[in-house]
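*Asks:* My structure is below; once you've seen it, I'll send some questions.
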Amino acid sequence: MTLLSLSPGSRPKKAAPLSPLLRLLILTQLAFNIGFFAVLPFLAEHLGGAVGMAGGMVGFVLGLRTFSQQGLFVVGGALADRYGVRPVVLAGCALRVAGFGWLGYAGRAWTVVGAVVLIGFAAALFSPAVESEVARQAVVWEESGGGPRTRVLALFTVAGQAGAFVGPLLGALLLSVDFRAVCLAGAGVFVLVLAGHAWLLPQHIPGRTRVQVRGGVGPLLRNRRFLSLCCAYGAYLLAYNQLYLALPAEVERAAGSQAPLAWLFALSSLLVVTAQLPVTRWVGERLTLRRSMGAGLALIAAGFAVVAAALPAGRTGTVGLLPAAGFVVLLTVGQMLVAPAARAWVPDLADDGRLGLYTGALSSVSGLIVLAGSAGTGALLDTGLPVAVPWLLLAAVPAAAVALLPRRD
């Protein structure tokens, strides 16, 4: 597996090959997302239908899932700094298996909440461990002459989106049986991931020094540029979370069911799989990290505005689904610009030996923003306001986040 490295005014040259560890971590992201996205796109409908939750409660549960995952990333990142990648990843996989199994049999609100929190906390363990090591290895690859680190992080994103492409299709197939079958299939994927990493993940990763003392949170909280990045990234994540809250509601309105939802998720994943690397290569030669994130946030805001502009017409059927498809496309292209740039920025802002902590904190702050915003979004969608108003308010979130980006790369 190789990447092409291009620099302005030079001929294309073959990049340095990725290390076996990087290949394993990238394949890890693929497997994680297959198991995760087999379940998540269908969770809101299950909560509102089979469990009977109100819209505000559904939004709260989805926000709680994001917070228990993203909000606690800082814990997983700090543990990875202290104890290494392998034990944290294995523990997270085991908890994800238990969480999906529990969700499949949960029939009451409190049991659903418990399962969702466990599923989120499992990811809070393994994801920052994997992501921080990918970022560290990307810097190593860059310094060895392989090319910009954003290329590796873009490939990591492509692997994740490939999993997000396969996952909903697997979930939609199993949903014809029932939601429990979907959850058990997701658990089965993580059983395989757990077994594979117990065998292949190294006990000790060369060049990674474990932190022997606690601390590091104080300097992080005083790092204004890093916190600005966290807030902007949180606004992006709140907007992205509407794939699971606002988009299903719009698809239900336009099509009368959520059957087209799996295909819209597949469209998003297919765009990333086919276009992420060329987009990252093009952007890396022309834009700074700040400008890349700013352009991505503007595109995401435009996606919400497209739906808001079309809603007053009240069209349904295939034509009525076109604004939702436009939203998915613009949100996905914005994601291609925002996500690799944000991850590539973190190593430059983190203290030595604390990359796991800072990687986790990036997601934890954004998780708090999503938790605060998701319950309000769920209630907003249930109000009697004009149909375009919620989408216009959502468009304002990423648009305002552009001003939060750190001023210097």
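By order in the structure tokens, chains are A, B, ...; within a chain, residues start at 1; ligands start at 1, following the order shown.
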Got a sec: who's within 7 Å of Leu30 of chain A, counting only C-alpha atoms, leaving out chain neighbours fewer than 4 positions off, as a list in words?
*Replies:*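 The neighbour list is Ile26, Ile34, Ala159, Gly160, Ala162 and Gly163 of chain A.
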*Asks:* Write out the residues from the selection above, keeping N, CA and C atoms, as a tab-separated table (two decimals), in the first residue's frame.
*Replies:*
```
chain	number	residue	atom	x	y	z
A	26	ILE	N	-4.83	1.27	9.89
A	26	ILE	CA	-5.78	1.71	8.88
A	26	ILE	C	-6.86	0.64	8.66
A	34	ILE	N	-17.25	-0.79	10.04
A	34	ILE	CA	-18.22	-1.77	9.55
A	34	ILE	C	-19.15	-2.19	10.68
A	159	ALA	N	-10.40	4.60	4.78
A	159	ALA	CA	-10.69	3.28	5.35
A	159	ALA	C	-11.92	3.33	6.24
A	160	GLY	N	-12.02	4.40	7.05
A	160	GLY	CA	-13.19	4.54	7.90
A	160	GLY	C	-14.47	4.68	7.09
A	162	ALA	N	-14.94	3.60	4.02
A	162	ALA	CA	-15.25	2.32	3.38
A	162	ALA	C	-16.04	1.44	4.34
A	163	GLY	N	-15.66	1.46	5.61
A	163	GLY	CA	-16.43	0.73	6.62
A	163	GLY	C	-17.81	1.31	6.79
```
*Asks:* From a backbone DSSP assignment, name each residue in segment 147-391 of chain A labelled alpha helix (DSSP H), as a ChimeraX atom specification.
*Replies:* /A:149-175,179-200,217-221,224-240,246-255,261-284,289-310,317-349,355-382,388-391
*Asks:* Can you work out which one of A:Ile369, A:Ala181, A:Leu173, A:Ala44 has the shortest atom-to-atom distance to Gly56 of chain A, counting only C-alpha atoms?
*Replies:*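 Looking only at the distances to Gly56 of chain A, the closest residue turns out to be A:Ala44.
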*Asks:* Between A:Leu22, A:Leu322, A:Cys93, A:Ala403, single out the one closest to Ala124 of chain A, counting only C-alpha atoms.
*Replies:* A:Cys93
*Asks:* Neighbouring residues of Phe73 of chain A were defined as those with any atom within 7 Å, considering only C-alpha atoms; residues of the same chain fewer than 2 positions away were excluded. Please report them as a list in words.
*Replies:*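 Answer for this query is Gln69, Gln70, Gly71, Val75, Gly76, Gly77, Ala124, Leu125, Pro128, Gly360, Ala361, Ser363 and Ser364 of chain A.
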*Asks:* Could you take the residues named above and write them with N, CA and C atoms, as an mmCIF file, in the first residue's frame?
*Replies:*
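Output file again_34.cif is given in full below:
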```cif
data_model
loop_
_atom_site.group_PDB
_atom_site.id
_atom_site.type_symbol
_atom_site.label_atom_id
_atom_site.label_comp_id
_atom_site.auth_asym_id
_atom_site.auth_seq_id
_atom_site.Cartn_x
_atom_site.Cartn_y
_atom_site.Cartn_z
ATOM 1 N N GLN A 69 -18.750 8.709 23.939
ATOM 2 C CA GLN A 69 -17.645 8.328 23.061
ATOM 3 C C GLN A 69 -16.669 9.490 22.937
ATOM 4 N N GLN A 70 -17.110 10.546 22.240
ATOM 5 C CA GLN A 70 -16.216 11.674 22.002
ATOM 6 C C GLN A 70 -15.837 12.384 23.295
ATOM 7 N N GLY A 71 -16.812 12.534 24.209
ATOM 8 C CA GLY A 71 -16.549 13.270 25.436
ATOM 9 C C GLY A 71 -15.534 12.619 26.333
ATOM 10 N N VAL A 75 -10.020 10.449 28.245
ATOM 11 C CA VAL A 75 -9.651 9.356 29.162
ATOM 12 C C VAL A 75 -8.888 8.278 28.401
ATOM 13 N N GLY A 76 -9.443 7.848 27.260
ATOM 14 C CA GLY A 76 -8.755 6.833 26.475
ATOM 15 C C GLY A 76 -7.404 7.299 25.981
ATOM 16 N N GLY A 77 -7.316 8.568 25.566
ATOM 17 C CA GLY A 77 -6.035 9.085 25.104
ATOM 18 C C GLY A 77 -4.995 9.123 26.204
ATOM 19 N N ALA A 124 -14.384 5.280 23.239
ATOM 20 C CA ALA A 124 -13.534 6.267 23.913
ATOM 21 C C ALA A 124 -12.216 5.648 24.351
ATOM 22 N N LEU A 125 -12.170 4.331 24.462
ATOM 23 C CA LEU A 125 -10.915 3.665 24.772
ATOM 24 C C LEU A 125 -10.098 3.404 23.516
ATOM 25 N N PRO A 128 -9.124 6.838 20.446
ATOM 26 C CA PRO A 128 -8.000 7.772 20.603
ATOM 27 C C PRO A 128 -6.651 7.069 20.608
ATOM 28 N N GLY A 360 -7.386 12.839 22.325
ATOM 29 C CA GLY A 360 -8.618 12.575 23.054
ATOM 30 C C GLY A 360 -9.367 13.840 23.410
ATOM 31 N N ALA A 361 -8.629 14.881 23.815
ATOM 32 C CA ALA A 361 -9.272 16.141 24.188
ATOM 33 C C ALA A 361 -9.964 16.793 22.996
ATOM 34 N N SER A 363 -11.595 15.327 20.701
ATOM 35 C CA SER A 363 -12.906 14.697 20.599
ATOM 36 C C SER A 363 -13.766 14.947 21.833
ATOM 37 N N SER A 364 -13.143 15.078 23.002
ATOM 38 C CA SER A 364 -13.931 15.291 24.227
ATOM 39 C C SER A 364 -14.635 16.641 24.217
#
```
